[in-house]
file protein_17.txt (compact mmCIF, C-alpha atoms)
# COMPACT_ATOMS: atom_id res chain seq x y z
CA MET A 405 -15.92 25.49 0.99
CA ILE A 406 -17.25 22.69 -1.17
CA VAL A 407 -14.80 19.86 -1.68
CA GLN A 408 -15.22 16.15 -2.00
CA VAL A 409 -12.94 13.17 -2.20
CA ASP A 410 -13.33 9.82 -3.89
CA PRO A 411 -11.68 7.10 -1.80
CA ASP A 412 -11.94 4.72 -4.79
CA SER A 413 -10.00 7.03 -7.10
CA PRO A 414 -6.44 6.08 -8.03
CA VAL A 415 -5.53 9.68 -7.14
CA PRO A 416 -4.58 9.81 -3.44
CA VAL A 417 -7.10 11.60 -1.20
CA PHE A 418 -4.37 14.05 -0.18
CA GLU A 419 -3.80 15.06 -3.82
CA GLN A 420 -7.52 15.32 -4.51
CA LEU A 421 -8.06 17.68 -1.59
CA ARG A 422 -4.99 19.80 -2.20
CA ALA A 423 -5.84 20.26 -5.90
CA GLN A 424 -9.42 21.24 -5.12
CA VAL A 425 -8.40 23.89 -2.57
CA GLU A 426 -5.78 25.30 -4.94
CA ARG A 427 -8.37 25.43 -7.74
CA LEU A 428 -10.90 27.19 -5.49
CA VAL A 429 -8.30 29.81 -4.52
CA ALA A 430 -6.89 30.27 -8.05
CA SER A 431 -10.36 30.69 -9.54
CA GLY A 432 -11.41 33.22 -6.90
CA ALA A 433 -14.15 30.97 -5.52
CA LEU A 434 -12.31 31.28 -2.20
CA ALA A 435 -11.45 34.95 -1.78
CA PRO A 436 -8.41 36.22 0.11
CA GLY A 437 -9.09 36.12 3.82
CA SER A 438 -11.75 33.40 3.51
CA ARG A 439 -11.59 31.05 6.44
CA LEU A 440 -11.12 27.35 5.71
CA PRO A 441 -12.93 24.76 7.83
CA THR A 442 -11.05 23.52 10.86
CA ILE A 443 -8.99 20.41 10.35
CA ARG A 444 -11.25 18.43 12.63
CA HIS A 445 -14.43 19.62 10.92
CA LEU A 446 -13.22 19.03 7.35
CA ALA A 447 -11.82 15.60 8.21
CA ALA A 448 -15.12 14.60 9.81
CA ASP A 449 -17.16 15.96 6.87
CA LEU A 450 -15.06 14.06 4.33
CA GLY A 451 -14.59 10.95 6.43
CA ILE A 452 -10.80 11.13 6.25
CA ALA A 453 -8.00 11.25 8.80
CA ARG A 454 -7.24 14.58 10.48
CA GLY A 455 -3.58 14.01 9.66
CA THR A 456 -4.41 14.07 5.95
CA VAL A 457 -6.16 17.44 6.24
CA GLN A 458 -3.33 18.76 8.44
CA ARG A 459 -0.79 17.75 5.80
CA VAL A 460 -2.84 19.43 3.05
CA TYR A 461 -3.14 22.65 5.07
CA ASP A 462 0.57 22.58 5.98
CA GLU A 463 1.64 22.18 2.36
CA LEU A 464 -0.82 24.82 1.13
CA ALA A 465 0.63 27.21 3.73
CA ARG A 466 4.19 26.32 2.77
CA ASP A 467 3.40 27.06 -0.87
CA GLY A 468 1.64 30.36 -0.11
CA TRP A 469 -1.99 29.41 -0.86
CA VAL A 470 -3.18 29.84 2.72
CA ARG A 471 -1.84 31.20 5.98
CA THR A 472 -2.47 30.31 9.56
CA ALA A 473 -4.16 33.03 11.54
CA GLY A 474 -3.66 31.75 15.07
CA ARG A 475 -6.94 31.28 16.86
CA HIS A 476 -8.74 32.42 13.68
CA GLY A 477 -7.71 29.20 11.94
CA THR A 478 -6.47 28.83 8.40
CA VAL A 479 -7.39 31.49 5.85
CA VAL A 480 -6.78 32.04 2.15
CA ALA A 481 -3.62 34.05 1.58
CA ASP A 482 -3.93 37.67 0.50
CA ARG A 483 -2.18 36.91 -2.80
CA VAL A 484 -2.17 33.80 -4.94
CA PRO A 485 1.34 32.33 -5.17
CA ALA A 486 3.48 33.43 -8.08
CA PRO A 487 3.43 31.03 -11.00
CA ALA A 488 5.81 28.14 -10.63
CA ASP A 489 8.95 27.89 -12.68
CA PRO A 490 7.88 26.94 -16.22
CA ALA A 491 10.48 24.17 -16.08
CA ALA A 492 8.16 22.39 -13.60
CA LEU A 493 5.43 22.05 -16.25
CA PRO A 494 6.76 18.82 -17.80
CA GLN A 495 6.68 17.14 -14.38
CA ALA A 496 3.09 18.33 -13.83
CA ALA A 497 2.17 17.06 -17.30
CA ASP A 498 3.70 13.69 -16.44
CA ARG A 499 1.52 13.51 -13.31
CA LEU A 500 -1.59 14.38 -15.35
CA ALA A 501 -0.72 11.75 -17.95
CA LEU A 502 -0.21 9.12 -15.24
CA VAL A 503 -3.57 9.89 -13.62
CA ALA A 504 -5.28 9.84 -17.02
CA ARG A 505 -3.75 6.44 -17.78
CA GLN A 506 -4.79 5.10 -14.36
CA LEU A 507 -8.32 6.28 -15.00
CA GLY A 508 -8.35 4.88 -18.52
CA ILE A 509 -8.99 8.26 -20.15
CA ASP A 510 -7.92 8.77 -23.77
CA ALA A 511 -5.79 11.71 -24.93
CA ARG A 512 -8.68 13.58 -26.57
CA ASP A 513 -10.63 13.60 -23.31
CA VAL A 514 -7.52 14.63 -21.36
CA HIS A 515 -7.04 17.61 -23.67
CA ALA A 516 -10.72 18.57 -23.31
CA ALA A 517 -10.50 18.34 -19.52
CA LEU A 518 -7.33 20.44 -19.47
CA ASP A 519 -8.90 23.07 -21.71
CA ALA A 520 -11.94 23.20 -19.39
CA ALA A 521 -9.71 23.51 -16.33
CA LEU A 522 -7.74 26.34 -17.93
CA ALA A 523 -10.96 28.11 -18.84
CA ARG A 524 -12.21 27.83 -15.23
CA THR A 525 -9.03 29.53 -14.03
CA GLY A 526 -9.16 32.23 -16.71
CA GLN A 527 -6.32 30.77 -18.78
CA ALA A 528 -8.14 29.51 -21.87
CA ARG A 529 -5.97 28.36 -24.75
CA ALA A 530 -5.61 30.93 -27.53

call {"tool": "encode", "arguments": {"input": "protein_17.txt", "output": "structure tokens"}}
result
Amino acid sequence: MIVQVDPDSPVPVFEQLRAQVERLVASGALAPGSRLPTIRHLAADLGIARGTVQRVYDELARDGWVRTAGRHGTVVADRVPAPADPAALPQAADRLALVARQLGIDARDVHAALDAALARTGQARA
């Protein structure tokens, strides 16, 4: 699993890591049953607290992206979670807009980045 975090980003490390794992699963880059690195190993590799990785894994499991497999660790769930309620989209858009503002990115570049992200997940705009 290839993930990275930017400690200087205005986006919290937790959110960076969670979003990257979700994107890897949604895009198929992490196939169902793929084993994620141990909490200790990933935390050490990224130079972040184990508690941060534990929280990411716990929330991913709660939301159906991964499952714990006992002594086999944490693995990608057999099925990607069902799409969220469309009513949640405005809140997600607000979060994206806030991050874009914090990063100083203009609307045109935000739209281009969103289009690219949708294309990577097979949801290109018609």

call {"tool": "closest_residue", "arguments": {"input": "protein_17.txt", "among": "A:Pro485, A:Val514, A:Pro436, A:Ile509", "to": "Ala497 in chain A", "atoms": "all atoms listed in the file"}}
result
A:Val514

call {"tool": "residues_around", "arguments": {"input": "protein_17.txt", "residues": "Arg439 in chain A", "least_positions_apart": "4", "cutoff": "9 Å", "atoms": "all atoms listed in the file", "output": "ChimeraX atom specification"}}
result
/A:405,434,476-480

call {"tool": "closest_residue", "arguments": {"input": "protein_17.txt", "among": "A:Glu419, A:Asp519, A:Glu426, A:Asp510", "to": "Arg459 in chain A", "atoms": "only C-alpha atoms"}}
result
A:Glu419

call {"tool": "atom_distance", "arguments": {"input": "protein_17.txt", "atom1": "CA of Ser413 in chain A", "atom2": "CA of Leu507 in chain A"}}
result
8.1 Å

call {"tool": "closest_residue", "arguments": {"input": "protein_17.txt", "among": "A:Ile443, A:Val503, A:Ala435, A:Leu450", "to": "Val407 in chain A", "atoms": "all atoms listed in the file"}}
result
A:Leu450

call {"tool": "axis_aligned_box", "arguments": {"input": "protein_17.txt", "around": "range 469-477 of chain A", "padding_each_side": "5 Å", "output": "lines of an AutoDock Vina configuration file"}}
result
center_x = -5.3
center_y = 31.1
center_z = 8.0
size_x = 16.9
size_y = 13.8
size_z = 27.7
